[in-house]
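S.K.: The structure file upload_1.pdb (PDB, N, CA and C atoms) is provided below.
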```pdb
ATOM      1  N   MET A  40     -31.191 101.689 209.940
ATOM      2  CA  MET A  40     -32.537 101.912 209.452
ATOM      3  C   MET A  40     -33.562 101.761 210.584
ATOM      4  N   GLU A  41     -33.218 100.977 211.634
ATOM      5  CA  GLU A  41     -34.113 100.854 212.783
ATOM      6  C   GLU A  41     -34.326 102.212 213.446
ATOM      7  N   CYS A  42     -33.266 103.031 213.436
ATOM      8  CA  CYS A  42     -33.373 104.381 214.011
ATOM      9  C   CYS A  42     -34.369 105.221 213.223
ATOM     10  N   MET A  43     -34.411 105.023 211.917
ATOM     11  CA  MET A  43     -35.340 105.753 211.060
ATOM     12  C   MET A  43     -36.776 105.385 211.435
ATOM     13  N   VAL A  44     -37.041 104.101 211.623
ATOM     14  CA  VAL A  44     -38.376 103.642 212.022
ATOM     15  C   VAL A  44     -38.761 104.288 213.338
ATOM     16  N   SER A  45     -37.865 104.225 214.297
ATOM     17  CA  SER A  45     -38.134 104.781 215.619
ATOM     18  C   SER A  45     -38.373 106.286 215.560
ATOM     19  N   GLY A  46     -37.510 106.998 214.846
ATOM     20  CA  GLY A  46     -37.658 108.447 214.736
ATOM     21  C   GLY A  46     -38.947 108.865 214.061
ATOM     22  N   LEU A  47     -39.277 108.202 212.974
ATOM     23  CA  LEU A  47     -40.524 108.510 212.266
ATOM     24  C   LEU A  47     -41.736 108.200 213.133
ATOM     25  N   ALA A  48     -41.688 107.074 213.823
ATOM     26  CA  ALA A  48     -42.803 106.681 214.685
ATOM     27  C   ALA A  48     -42.990 107.681 215.819
ATOM     28  N   GLN A  49     -41.885 108.111 216.421
ATOM     29  CA  GLN A  49     -41.973 109.076 217.515
ATOM     30  C   GLN A  49     -42.499 110.429 217.054
ATOM     31  N   ASN A  50     -42.309 110.740 215.791
ATOM     32  CA  ASN A  50     -42.781 112.014 215.239
ATOM     33  C   ASN A  50     -44.127 111.891 214.538
ATOM     34  N   LYS A  51     -44.839 110.819 214.863
ATOM     35  CA  LYS A  51     -46.210 110.609 214.368
ATOM     36  C   LYS A  51     -46.296 110.438 212.855
ATOM     37  N   MET A  52     -45.219 110.003 212.241
ATOM     38  CA  MET A  52     -45.199 109.737 210.802
ATOM     39  C   MET A  52     -45.309 108.223 210.614
ATOM     40  N   ILE A  53     -46.419 107.677 211.052
ATOM     41  CA  ILE A  53     -46.587 106.235 211.147
ATOM     42  C   ILE A  53     -46.555 105.551 209.786
ATOM     43  N   GLU A  54     -47.198 106.123 208.798
ATOM     44  CA  GLU A  54     -47.223 105.471 207.479
ATOM     45  C   GLU A  54     -45.821 105.347 206.892
ATOM     46  N   LEU A  55     -45.022 106.375 207.036
ATOM     47  CA  LEU A  55     -43.655 106.324 206.537
ATOM     48  C   LEU A  55     -42.809 105.355 207.373
ATOM     49  N   ALA A  56     -43.023 105.366 208.693
ATOM     50  CA  ALA A  56     -42.320 104.421 209.568
ATOM     51  C   ALA A  56     -42.662 102.990 209.179
ATOM     52  N   LYS A  57     -43.934 102.770 208.854
ATOM     53  CA  LYS A  57     -44.379 101.432 208.447
ATOM     54  C   LYS A  57     -43.684 100.983 207.175
ATOM     55  N   LYS A  58     -43.487 101.887 206.224
ATOM     56  CA  LYS A  58     -42.801 101.542 204.977
ATOM     57  C   LYS A  58     -41.366 101.103 205.257
ATOM     58  N   TYR A  59     -40.673 101.876 206.096
ATOM     59  CA  TYR A  59     -39.308 101.504 206.453
ATOM     60  C   TYR A  59     -39.275 100.198 207.228
ATOM     61  N   PHE A  60     -40.227 100.019 208.124
ATOM     62  CA  PHE A  60     -40.305  98.801 208.930
ATOM     63  C   PHE A  60     -40.432  97.564 208.040
ATOM     64  N   HIS A  61     -41.276  97.653 207.045
ATOM     65  CA  HIS A  61     -41.523  96.495 206.178
ATOM     66  C   HIS A  61     -40.346  96.149 205.277
ATOM     67  N   ILE A  62     -39.471  97.104 204.992
ATOM     68  CA  ILE A  62     -38.321  96.779 204.149
ATOM     69  C   ILE A  62     -37.082  96.374 204.955
ATOM     70  N   LEU A  63     -37.189  96.432 206.278
ATOM     71  CA  LEU A  63     -36.054  96.006 207.100
ATOM     72  C   LEU A  63     -35.791  94.516 206.888
ATOM     73  N   PRO A  64     -34.561  94.136 206.580
ATOM     74  CA  PRO A  64     -34.266  92.711 206.415
ATOM     75  C   PRO A  64     -34.298  91.972 207.746
ATOM     76  N   TYR A  65     -33.930  92.658 208.816
ATOM     77  CA  TYR A  65     -33.957  92.078 210.164
ATOM     78  C   TYR A  65     -34.616  93.082 211.086
ATOM     79  N   LYS A  66     -35.680  92.674 211.728
ATOM     80  CA  LYS A  66     -36.406  93.556 212.632
ATOM     81  C   LYS A  66     -35.987  93.236 214.066
ATOM     82  N   ASP A  67     -35.268  94.160 214.681
ATOM     83  CA  ASP A  67     -34.837  93.928 216.049
ATOM     84  C   ASP A  67     -35.894  94.416 217.037
ATOM     85  N   ILE A  68     -35.606  94.233 218.319
ATOM     86  CA  ILE A  68     -36.564  94.594 219.365
ATOM     87  C   ILE A  68     -36.920  96.075 219.310
ATOM     88  N   ALA A  69     -35.958  96.928 218.947
ATOM     89  CA  ALA A  69     -36.218  98.366 218.877
ATOM     90  C   ALA A  69     -37.211  98.698 217.767
ATOM     91  N   ALA A  70     -37.064  98.059 216.621
ATOM     92  CA  ALA A  70     -37.982  98.312 215.507
ATOM     93  C   ALA A  70     -39.399  97.850 215.847
ATOM     94  N   TRP A  71     -39.515  96.635 216.388
ATOM     95  CA  TRP A  71     -40.839  96.120 216.775
ATOM     96  C   TRP A  71     -41.476  97.039 217.812
ATOM     97  N   SER A  72     -40.709  97.388 218.842
ATOM     98  CA  SER A  72     -41.249  98.220 219.919
ATOM     99  C   SER A  72     -41.646  99.603 219.409
ATOM    100  N   ALA A  73     -40.867 100.161 218.498
ATOM    101  CA  ALA A  73     -41.193 101.482 217.940
ATOM    102  C   ALA A  73     -42.533 101.448 217.214
ATOM    103  N   MET A  74     -42.746 100.434 216.401
ATOM    104  CA  MET A  74     -44.004 100.343 215.657
ATOM    105  C   MET A  74     -45.183 100.092 216.593
ATOM    106  N   ILE A  75     -45.003  99.193 217.541
ATOM    107  CA  ILE A  75     -46.085  98.905 218.493
ATOM    108  C   ILE A  75     -46.444 100.160 219.274
ATOM    109  N   THR A  76     -45.431 100.853 219.793
ATOM    110  CA  THR A  76     -45.675 102.065 220.577
ATOM    111  C   THR A  76     -46.342 103.152 219.735
ATOM    112  N   ALA A  77     -45.931 103.293 218.489
ATOM    113  CA  ALA A  77     -46.545 104.293 217.605
ATOM    114  C   ALA A  77     -48.029 104.002 217.409
ATOM    115  N   TYR A  78     -48.360 102.742 217.156
ATOM    116  CA  TYR A  78     -49.764 102.380 216.977
ATOM    117  C   TYR A  78     -50.551 102.556 218.273
ATOM    118  N   VAL A  79     -49.926 102.257 219.413
ATOM    119  CA  VAL A  79     -50.589 102.454 220.708
ATOM    120  C   VAL A  79     -50.888 103.936 220.897
ATOM    121  N   ASP A  80     -49.895 104.785 220.629
ATOM    122  CA  ASP A  80     -50.087 106.234 220.799
ATOM    123  C   ASP A  80     -51.202 106.773 219.914
ATOM    124  N   GLU A  81     -51.393 106.168 218.764
ATOM    125  CA  GLU A  81     -52.461 106.581 217.856
ATOM    126  C   GLU A  81     -53.771 105.826 218.138
ATOM    127  N   GLU A  82     -53.752 104.986 219.178
ATOM    128  CA  GLU A  82     -54.908 104.179 219.589
ATOM    129  C   GLU A  82     -55.441 103.312 218.454
ATOM    130  N   GLN A  83     -54.539 102.736 217.704
ATOM    131  CA  GLN A  83     -54.896 101.838 216.608
ATOM    132  C   GLN A  83     -54.757 100.389 217.090
ATOM    133  N   VAL A  84     -55.722  99.978 217.903
ATOM    134  CA  VAL A  84     -55.686  98.659 218.528
ATOM    135  C   VAL A  84     -55.573  97.546 217.488
ATOM    136  N   ASP A  85     -56.315  97.661 216.412
ATOM    137  CA  ASP A  85     -56.271  96.619 215.386
ATOM    138  C   ASP A  85     -54.891  96.488 214.766
ATOM    139  N   LYS A  86     -54.210  97.610 214.564
ATOM    140  CA  LYS A  86     -52.862  97.573 213.994
ATOM    141  C   LYS A  86     -51.891  96.906 214.963
ATOM    142  N   VAL A  87     -52.022  97.220 216.245
ATOM    143  CA  VAL A  87     -51.161  96.589 217.255
ATOM    144  C   VAL A  87     -51.396  95.088 217.267
ATOM    145  N   ARG A  88     -52.666  94.711 217.271
ATOM    146  CA  ARG A  88     -53.013  93.285 217.282
ATOM    147  C   ARG A  88     -52.478  92.603 216.021
ATOM    148  N   ASP A  89     -52.568  93.282 214.877
ATOM    149  CA  ASP A  89     -52.036  92.718 213.638
ATOM    150  C   ASP A  89     -50.548  92.421 213.740
ATOM    151  N   LEU A  90     -49.789  93.326 214.374
ATOM    152  CA  LEU A  90     -48.354  93.080 214.523
ATOM    153  C   LEU A  90     -48.097  91.824 215.343
ATOM    154  N   PHE A  91     -48.954  91.575 216.312
ATOM    155  CA  PHE A  91     -48.782  90.387 217.141
ATOM    156  C   PHE A  91     -49.264  89.120 216.454
ATOM    157  N   ILE A  92     -50.390  89.190 215.794
ATOM    158  CA  ILE A  92     -50.994  87.984 215.223
ATOM    159  C   ILE A  92     -50.524  87.721 213.798
ATOM    160  N   ARG A  93     -50.794  88.629 212.881
ATOM    161  CA  ARG A  93     -50.473  88.395 211.466
ATOM    162  C   ARG A  93     -48.982  88.323 211.199
ATOM    163  N   ALA A  94     -48.226  89.207 211.837
ATOM    164  CA  ALA A  94     -46.780  89.205 211.615
ATOM    165  C   ALA A  94     -46.083  88.183 212.513
ATOM    166  N   ARG A  95     -46.854  87.517 213.348
ATOM    167  CA  ARG A  95     -46.304  86.524 214.269
ATOM    168  C   ARG A  95     -45.137  87.100 215.059
ATOM    169  N   LEU A  96     -45.425  88.225 215.669
ATOM    170  CA  LEU A  96     -44.400  88.987 216.373
ATOM    171  C   LEU A  96     -43.590  88.134 217.334
ATOM    172  N   PHE A  97     -44.264  87.387 218.154
ATOM    173  CA  PHE A  97     -43.534  86.677 219.188
ATOM    174  C   PHE A  97     -42.868  85.407 218.680
ATOM    175  N   ASN A  98     -43.134  85.013 217.439
ATOM    176  CA  ASN A  98     -42.391  83.905 216.847
ATOM    177  C   ASN A  98     -41.138  84.406 216.149
ATOM    178  N   SER A  99     -41.185  85.606 215.583
ATOM    179  CA  SER A  99     -40.045  86.112 214.827
ATOM    180  C   SER A  99     -39.156  87.044 215.633
ATOM    181  N   MET A 100     -39.639  87.532 216.744
ATOM    182  CA  MET A 100     -38.835  88.426 217.556
ATOM    183  C   MET A 100     -37.975  87.603 218.495
ATOM    184  N   LEU A 101     -36.682  87.789 218.431
ATOM    185  CA  LEU A 101     -35.772  86.973 219.212
ATOM    186  C   LEU A 101     -35.882  87.207 220.709
ATOM    187  N   GLU A 102     -36.166  88.412 221.090
ATOM    188  CA  GLU A 102     -36.289  88.701 222.508
ATOM    189  C   GLU A 102     -37.511  89.583 222.741
ATOM    190  N   LYS A 103     -38.092  89.409 223.879
ATOM    191  CA  LYS A 103     -39.215  90.258 224.263
ATOM    192  C   LYS A 103     -38.748  91.047 225.481
ATOM    193  N   ASN A 104     -39.172  92.280 225.589
ATOM    194  CA  ASN A 104     -38.749  93.050 226.744
ATOM    195  C   ASN A 104     -39.934  93.751 227.381
ATOM    196  N   ALA A 105     -39.660  94.405 228.483
ATOM    197  CA  ALA A 105     -40.717  95.081 229.232
ATOM    198  C   ALA A 105     -41.370  96.183 228.409
ATOM    199  N   VAL A 106     -40.626  96.846 227.537
ATOM    200  CA  VAL A 106     -41.185  97.908 226.708
ATOM    201  C   VAL A 106     -42.284  97.362 225.804
ATOM    202  N   THR A 107     -41.985  96.231 225.165
ATOM    203  CA  THR A 107     -42.961  95.628 224.253
ATOM    204  C   THR A 107     -44.198  95.150 224.995
ATOM    205  N   TRP A 108     -43.995  94.443 226.100
ATOM    206  CA  TRP A 108     -45.138  93.960 226.875
ATOM    207  C   TRP A 108     -45.960  95.123 227.426
ATOM    208  N   ASN A 109     -45.293  96.135 227.963
ATOM    209  CA  ASN A 109     -46.011  97.284 228.520
ATOM    210  C   ASN A 109     -46.790  98.041 227.451
ATOM    211  N   ALA A 110     -46.252  98.136 226.260
ATOM    212  CA  ALA A 110     -46.974  98.800 225.174
ATOM    213  C   ALA A 110     -48.267  98.058 224.862
ATOM    214  N   MET A 111     -48.200  96.732 224.807
ATOM    215  CA  MET A 111     -49.413  95.950 224.533
ATOM    216  C   MET A 111     -50.437  96.106 225.653
ATOM    217  N   ILE A 112     -49.989  95.991 226.894
ATOM    218  CA  ILE A 112     -50.903  96.136 228.033
ATOM    219  C   ILE A 112     -51.524  97.532 228.022
ATOM    220  N   ASN A 113     -50.711  98.544 227.773
ATOM    221  CA  ASN A 113     -51.195  99.921 227.699
ATOM    222  C   ASN A 113     -52.248 100.074 226.603
ATOM    223  N   CYS A 114     -51.984  99.488 225.458
ATOM    224  CA  CYS A 114     -52.911  99.567 224.333
ATOM    225  C   CYS A 114     -54.279  99.014 224.703
ATOM    226  N   TYR A 115     -54.266  97.814 225.247
ATOM    227  CA  TYR A 115     -55.549  97.189 225.584
ATOM    228  C   TYR A 115     -56.253  97.912 226.727
ATOM    229  N   SER A 116     -55.513  98.343 227.738
ATOM    230  CA  SER A 116     -56.160  99.007 228.863
ATOM    231  C   SER A 116     -56.721 100.369 228.470
ATOM    232  N   ARG A 117     -56.023 101.105 227.597
ATOM    233  CA  ARG A 117     -56.505 102.416 227.156
ATOM    234  C   ARG A 117     -57.719 102.312 226.257
ATOM    235  N   ASN A 118     -57.931 101.159 225.687
ATOM    236  CA  ASN A 118     -59.028 101.007 224.733
ATOM    237  C   ASN A 118     -60.074  99.993 225.182
ATOM    238  N   ASP A 119     -60.084  99.701 226.478
ATOM    239  CA  ASP A 119     -61.091  98.828 227.079
ATOM    240  C   ASP A 119     -61.208  97.470 226.409
ATOM    241  N   HIS A 120     -60.077  96.867 226.064
ATOM    242  CA  HIS A 120     -60.052  95.522 225.505
ATOM    243  C   HIS A 120     -59.435  94.575 226.506
ATOM    244  N   CYS A 121     -59.908  93.383 226.497
ATOM    245  CA  CYS A 121     -59.291  92.359 227.336
ATOM    246  C   CYS A 121     -58.193  91.673 226.563
ATOM    247  N   ILE A 122     -57.148  91.304 227.251
ATOM    248  CA  ILE A 122     -56.035  90.607 226.597
ATOM    249  C   ILE A 122     -56.406  89.161 226.406
TER
END
```
Take the structure in the file and give it back as structure tokens.

M.R.:
Amino acid sequence: MECMVSGLAQNKMIELAKKYFHILPYKDIAAWSAMITAYVDEEQVDKVRDLFIRARLFNSMLEKNAVTWNAMINCYSRNDHCI
């Protein structure tokens, strides 16, 4: 199902990807990164921030990788926000 989230997100079907993301029993690094990257591509800074703050991304995600960090940095830099 993580592949479904990633595929939908890459094809700009963010709302549907979000539905699949929320029903995942276990969200791995690929699922988190797919959603973050999708929101970054759509320049939805608030949605990206919500994934980090409200969903407590870094408390529930077992591993963090360069893709996830780079997506966040890209999001803030593209939208003139300070981290």

S.K.: In Å, rounded to a single decimal, give me how far atom N of Gln83 of chain A is from atom CA of Met52 of chain A.

M.R.: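 These atoms are spaced 13.6 Å apart.
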
S.K.: Report the residues retrieved by the PyMOL selection byres ((chain A and resi 75-79) around 8) from the displayed file, expressed as a VMD selection string.

M.R.: chain A and resid 47 to 53 69 to 74 80 to 88 90 106 to 107 110 to 111 113 to 115

S.K.: Figure out the distance between atom CA of Lys58 of chain A and atom CA of Ser116 of chain A, please, to one decimal in Å.

M.R.: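 Here the two named atoms are 27.5 Å from each other.
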
S.K.: For the atom pair atom CA of His61 of chain A and atom CA of Met43 of chain A, what is the interatomic distance in Å to one decimal place?

M.R.: 12.2 Å

S.K.: Would you mind completing segment 56-72 of chain A so that it carries N, CA, C and O atoms, and writing it out as a compact mmCIF listing (two decimals), keeping the file's coordinate frame?

M.R.:
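Saved the output as selection13.txt:
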```txt
# COMPACT_ATOMS: atom_id res chain seq x y z
N ALA A 56 -43.02 105.37 208.69
CA ALA A 56 -42.32 104.42 209.57
C ALA A 56 -42.66 102.99 209.18
O ALA A 56 -41.80 102.10 209.16
N LYS A 57 -43.93 102.77 208.85
CA LYS A 57 -44.38 101.43 208.45
C LYS A 57 -43.68 100.98 207.18
O LYS A 57 -43.27 99.83 207.05
N LYS A 58 -43.49 101.89 206.22
CA LYS A 58 -42.80 101.54 204.98
C LYS A 58 -41.37 101.10 205.26
O LYS A 58 -40.89 100.10 204.72
N TYR A 59 -40.67 101.88 206.10
CA TYR A 59 -39.31 101.50 206.45
C TYR A 59 -39.28 100.20 207.23
O TYR A 59 -38.40 99.36 207.02
N PHE A 60 -40.23 100.02 208.12
CA PHE A 60 -40.30 98.80 208.93
C PHE A 60 -40.43 97.56 208.04
O PHE A 60 -39.75 96.57 208.24
N HIS A 61 -41.28 97.65 207.04
CA HIS A 61 -41.52 96.50 206.18
C HIS A 61 -40.35 96.15 205.28
O HIS A 61 -40.23 95.00 204.84
N ILE A 62 -39.47 97.10 204.99
CA ILE A 62 -38.32 96.78 204.15
C ILE A 62 -37.08 96.37 204.96
O ILE A 62 -36.07 96.00 204.37
N LEU A 63 -37.19 96.43 206.28
CA LEU A 63 -36.05 96.01 207.10
C LEU A 63 -35.79 94.52 206.89
O LEU A 63 -36.70 93.70 207.04
N PRO A 64 -34.56 94.14 206.58
CA PRO A 64 -34.27 92.71 206.42
C PRO A 64 -34.30 91.97 207.75
O PRO A 64 -34.66 90.80 207.81
N TYR A 65 -33.93 92.66 208.82
CA TYR A 65 -33.96 92.08 210.16
C TYR A 65 -34.62 93.08 211.09
O TYR A 65 -34.17 94.22 211.19
N LYS A 66 -35.68 92.67 211.73
CA LYS A 66 -36.41 93.56 212.63
C LYS A 66 -35.99 93.24 214.07
O LYS A 66 -36.32 92.19 214.59
N ASP A 67 -35.27 94.16 214.68
CA ASP A 67 -34.84 93.93 216.05
C ASP A 67 -35.89 94.42 217.04
O ASP A 67 -36.94 94.95 216.64
N ILE A 68 -35.61 94.23 218.32
CA ILE A 68 -36.56 94.59 219.36
C ILE A 68 -36.92 96.08 219.31
O ILE A 68 -38.06 96.45 219.54
N ALA A 69 -35.96 96.93 218.95
CA ALA A 69 -36.22 98.37 218.88
C ALA A 69 -37.21 98.70 217.77
O ALA A 69 -38.11 99.53 217.95
N ALA A 70 -37.06 98.06 216.62
CA ALA A 70 -37.98 98.31 215.51
C ALA A 70 -39.40 97.85 215.85
O ALA A 70 -40.37 98.57 215.61
N TRP A 71 -39.52 96.64 216.39
CA TRP A 71 -40.84 96.12 216.78
C TRP A 71 -41.48 97.04 217.81
O TRP A 71 -42.64 97.42 217.70
N SER A 72 -40.71 97.39 218.84
CA SER A 72 -41.25 98.22 219.92
C SER A 72 -41.65 99.60 219.41
O SER A 72 -42.66 100.16 219.85
```
